[in-house]
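K.L.:
Please find one structure pasted underneath; my questions will follow.
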Amino acid sequence: MTLQQFGKLQENWSIKDTLQPFVMEEVTLQILMNMSEGVILFNDKGKILLYNSTANHYLQIDTPSHMIQSITDLMPGEDHAGFYRKLLSLLKVKKMTDHFIFQVDDQKRLSCTCDLVLIEGGSVVLLIIREFKELLEDSLNLTGMIEQVFTKSLHGLLLSDASGNIIKMNEQAGQFLSMNLPSENVHLNIFKENESTLTMNKDFQEKLSPYLKQEHVQATICKFKDQFYEVVTEPNIAEGYSLTVMRDVTEMVKMMEQLNKHDTLKIVGQLAAGIAHEIRNPMTALKGFIQLLESSVKEDHSMYFSVIMSELQRIETIMTEFLMLAKPKASALEYISLPSIIKETADLMQAQATLYDIELTVECCDQGARLFGDANRLKQVFINLIKNSIEATSDGGKITLRYHSDSSAQHITVKDSGCGISEEQLEKINQPFYTTKENGTGLGLVVSLKIVEEHGGRVEVSSQKGLGTTFHLLFPNKEGEENVSENS
């Protein structure tokens with residue numbers, strides 16, 4: 001229908017003339033159909049009544065392959081509910097401007113600014129699309145971005161199916177677990193099998209519990225090799241799939257264990273300070289009177305005095321180590337040579353090693369730098385380590401003390417060919433009172449580690465059951481320490 005069908009308009013034509021509705025309908029129709037904006041007319045059921053060429057060009061409403069009947073068929077399924085809510089609001093305001101997403105095909109979406117106008121008594125809606133903006137998933141690379149986040153995440157990420165089988169993991173998770181998919185079949189049970197029970201004080205348990213006990217989230221601490229990981233599983237992250245996140249918390253666990261150890265040493269120190277002197281006083285009196293009695297008792301009973309004196313000496317040794325933890329002796333600090341101390345200690349312990357047919361050797365590759373410290377206390381450390389090695393090494397074994405230095409630190413290793421330490425025992429050797437010896441106090445090594453730490457060093461222990469143990473003492477070089485070769 002065109003305006004020509006109505007003939008020529010009279011010059012005195014008024015908006016009130018009877019031809020007005022027909023003329024205005026045609027004028028309106030022509031305006032809508034030729035607008036540069038997209039136009040869609042749909043009823044209260046959502047059925048599309050009219051659309052112009054602009055709307056069809058961008059939204060592909062009518063093509064040889066399909067004909068879209070409903071306005072919601074142009075929109076993603078997840079947007080339908082929101083669109084209907086907007087239509088309900090339109091009933092009140094009659095006209096509104098908003099943004100809508102139109103789904104052109106599987107690959108293409110348009111973000112459009114639209115005017116919505118309610119006409120025909122609320123039964124018809126005029127949709128005018130003023131701006132078309134293509135959402136290029138390829139340019140946004142949303143799928144690729146998500147894949148990159150999964151792959152490059154600093155934490156280990158794993159996807160598992162409803163049965164708990166891990167179907168995908170990122171590179172970091174593969175490194176944490178030392179495995180690869182799909183060459184290996186892995187189940188989430190691997191985390192339960194490696195769950196670690198940490199010994200933490202009450203304060204740390206309270207601080208950590210909010211992270212390990214969150215609603216709908218399962219969180220545990222697992223140990224793989226020598227590393228600790230916080231493992232959090234979010235079930236049903238997508239239908240039938242769960243996401244597990246692994247975070248390396250080794251340093252945090254070590255810090256907690258270190259603080260736990262310090263707390264224990266603090267308690268031991270307080271205990272030692274409170275009772276050690278009180279015990280030593282009566283012990284001194286006992287030793288004196290026993291020595292007086294020994295000369296007046298028959299020879300048949302002299303062996304008993306030997307046992308009594310031996311046990312009193314053992315008690316005194318324990319008290320000395322107690323006091324060492326509570327309040328170490330005042331250190332005589334000076335620049336010292338570690339190779340010299342090692343050689344002196346080896347000479348001192350050589351007789352005891354020979355007694356048990358053990359070869360004790362010293363290897364000093366260089367003189368290194370002078371260390372600012374207490375020679376006697378460090379000598380106590382080496383005596384204790386060599387003594388432990390002798391006790392752990394059978395006849396015919398070998399103990400090697402080796403020293404070398406580099407630009408960053410001085411290194412001492414004490415290596416024996418003894419019985420070795422199990423992994424379980426290795427984790428406990430720095431705990432006060434823990435010992436595998438029948439007559440041990442469990443304090444000698446603790447005191448030694450404390451002395452090394454006071455000198456700014458650290459101790460690393462490696463061992464294999466039946467193959468021996470190696471203690472590696474590392475003392476970082478500090479500014480101001482002198483080179484032996486230059487100042488000797």
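Chain labels follow the order of the structure tokens: the first chain is A, the next B, and so on; residue numbering restarts at 1 in every chain, and ligands are counted from 1 in their shown order.
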Show which residues sit within 8 Å of segment 349-362 of chain A, as a VMD selection string. Count only C-alpha atoms, and ignore same-chain residues fewer than 4 positions away.

P.N.:
chain A and resid 342 to 343 345 383 386 to 387 390 393 to 402

K.L.:
Using only C-alpha atoms, determine which residues lie at most 8 Å from Ala392 of chain A, disregarding the query and same-chain residues fewer than 2 positions distant; provide the list as an NGL selection string.

P.N.:
:A and (388-390 or 394 or 418-420)

K.L.:
Using backbone DSSP assignments, extract all alpha helix (DSSP H) residues from segment 30-149 of chain A; output them as a PyMOL selection string.

P.N.:
chain A and resi 30-33+53-59+80-93+137-140+142-149

K.L.:
Please, what distance in Å, to one decimal, runs between atom CA of Phe228 of chain A and atom CA of Val253 of chain A?

P.N.:
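Interatomic distance here is 7.2 Å.
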
K.L.:
Skipping near chain neighbours, those fewer than 6 positions away, what residues fall within 10 Å of Ile412 of chain A using only C-alpha atoms, listed as a PDB file with N, CA and C atoms, in the first residue's frame?

P.N.:
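Done, and the output landed in part_4.pdb:
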```
ATOM      1  N   LEU A 338      86.570 -22.627  60.648  1.00  0.00           N
ATOM      2  CA  LEU A 338      85.808 -23.882  60.737  1.00  0.00           C
ATOM      3  C   LEU A 338      86.658 -25.105  60.397  1.00  0.00           C
ATOM      4  N   PRO A 339      87.514 -25.069  59.349  1.00  0.00           N
ATOM      5  CA  PRO A 339      88.345 -26.243  59.062  1.00  0.00           C
ATOM      6  C   PRO A 339      89.232 -26.627  60.253  1.00  0.00           C
ATOM      7  N   ILE A 342      87.065 -28.364  62.862  1.00  0.00           N
ATOM      8  CA  ILE A 342      86.710 -29.713  62.411  1.00  0.00           C
ATOM      9  C   ILE A 342      87.886 -30.673  62.641  1.00  0.00           C
ATOM     10  N   GLU A 363      88.099 -34.189  55.210  1.00  0.00           N
ATOM     11  CA  GLU A 363      88.438 -33.648  53.894  1.00  0.00           C
ATOM     12  C   GLU A 363      88.135 -32.148  53.903  1.00  0.00           C
ATOM     13  N   CYS A 364      89.161 -31.342  53.850  1.00  0.00           N
ATOM     14  CA  CYS A 364      88.992 -29.888  53.786  1.00  0.00           C
ATOM     15  C   CYS A 364      89.504 -29.405  52.436  1.00  0.00           C
ATOM     16  N   PHE A 382      80.002 -30.497  66.609  1.00  0.00           N
ATOM     17  CA  PHE A 382      80.677 -31.535  65.835  1.00  0.00           C
ATOM     18  C   PHE A 382      80.922 -32.792  66.679  1.00  0.00           C
ATOM     19  N   LEU A 401      84.072 -36.375  57.474  1.00  0.00           N
ATOM     20  CA  LEU A 401      83.797 -34.956  57.695  1.00  0.00           C
ATOM     21  C   LEU A 401      84.380 -34.196  56.510  1.00  0.00           C
ATOM     22  N   ARG A 402      83.542 -33.448  55.844  1.00  0.00           N
ATOM     23  CA  ARG A 402      84.005 -32.745  54.651  1.00  0.00           C
ATOM     24  C   ARG A 402      83.669 -31.263  54.754  1.00  0.00           C
ATOM     25  N   TYR A 403      84.634 -30.430  54.415  1.00  0.00           N
ATOM     26  CA  TYR A 403      84.432 -28.974  54.438  1.00  0.00           C
ATOM     27  C   TYR A 403      84.739 -28.392  53.059  1.00  0.00           C
ATOM     28  N   HIS A 404      83.869 -27.495  52.604  1.00  0.00           N
ATOM     29  CA  HIS A 404      84.178 -26.700  51.419  1.00  0.00           C
ATOM     30  C   HIS A 404      83.398 -25.389  51.515  1.00  0.00           C
ATOM     31  N   SER A 405      83.830 -24.418  50.768  1.00  0.00           N
ATOM     32  CA  SER A 405      83.161 -23.117  50.788  1.00  0.00           C
ATOM     33  C   SER A 405      82.974 -22.613  49.366  1.00  0.00           C
ATOM     34  N   VAL A 459      70.732 -26.562  59.353  1.00  0.00           N
ATOM     35  CA  VAL A 459      71.130 -27.963  59.224  1.00  0.00           C
ATOM     36  C   VAL A 459      70.121 -28.695  58.351  1.00  0.00           C
ATOM     37  N   PHE A 471      74.538 -35.259  57.634  1.00  0.00           N
ATOM     38  CA  PHE A 471      74.167 -33.958  58.170  1.00  0.00           C
ATOM     39  C   PHE A 471      74.927 -32.892  57.394  1.00  0.00           C
ATOM     40  N   HIS A 472      74.191 -31.946  56.838  1.00  0.00           N
ATOM     41  CA  HIS A 472      74.790 -30.858  56.067  1.00  0.00           C
ATOM     42  C   HIS A 472      74.586 -29.557  56.839  1.00  0.00           C
ATOM     43  N   LEU A 473      75.682 -28.975  57.311  1.00  0.00           N
ATOM     44  CA  LEU A 473      75.641 -27.706  58.034  1.00  0.00           C
ATOM     45  C   LEU A 473      76.051 -26.597  57.072  1.00  0.00           C
ATOM     46  N   LEU A 474      75.243 -25.575  57.007  1.00  0.00           N
ATOM     47  CA  LEU A 474      75.489 -24.491  56.061  1.00  0.00           C
ATOM     48  C   LEU A 474      75.533 -23.171  56.828  1.00  0.00           C
ATOM     49  N   PHE A 475      76.642 -22.446  56.701  1.00  0.00           N
ATOM     50  CA  PHE A 475      76.809 -21.150  57.349  1.00  0.00           C
ATOM     51  C   PHE A 475      76.973 -20.080  56.270  1.00  0.00           C
TER      52      PHE A 475
END
```

K.L.:
With a distance cut-off of 9 Å and only C-alpha atoms, select the neighbouring residues of segment 111-121 of chain A, excluding the residue or stretch itself and same-chain residues fewer than 5 positions from it, and output the selection as a list in words.

P.N.:
Leu87, Leu90, Leu91, Val93, Lys94, Lys95, Met96, Thr97, Asp98, His99, Phe100, Ile101, Phe102, Leu126, Leu127, Ile128, Ile129, Arg130, Glu131, Phe132, Lys133, Glu134 and Leu135 of chain A
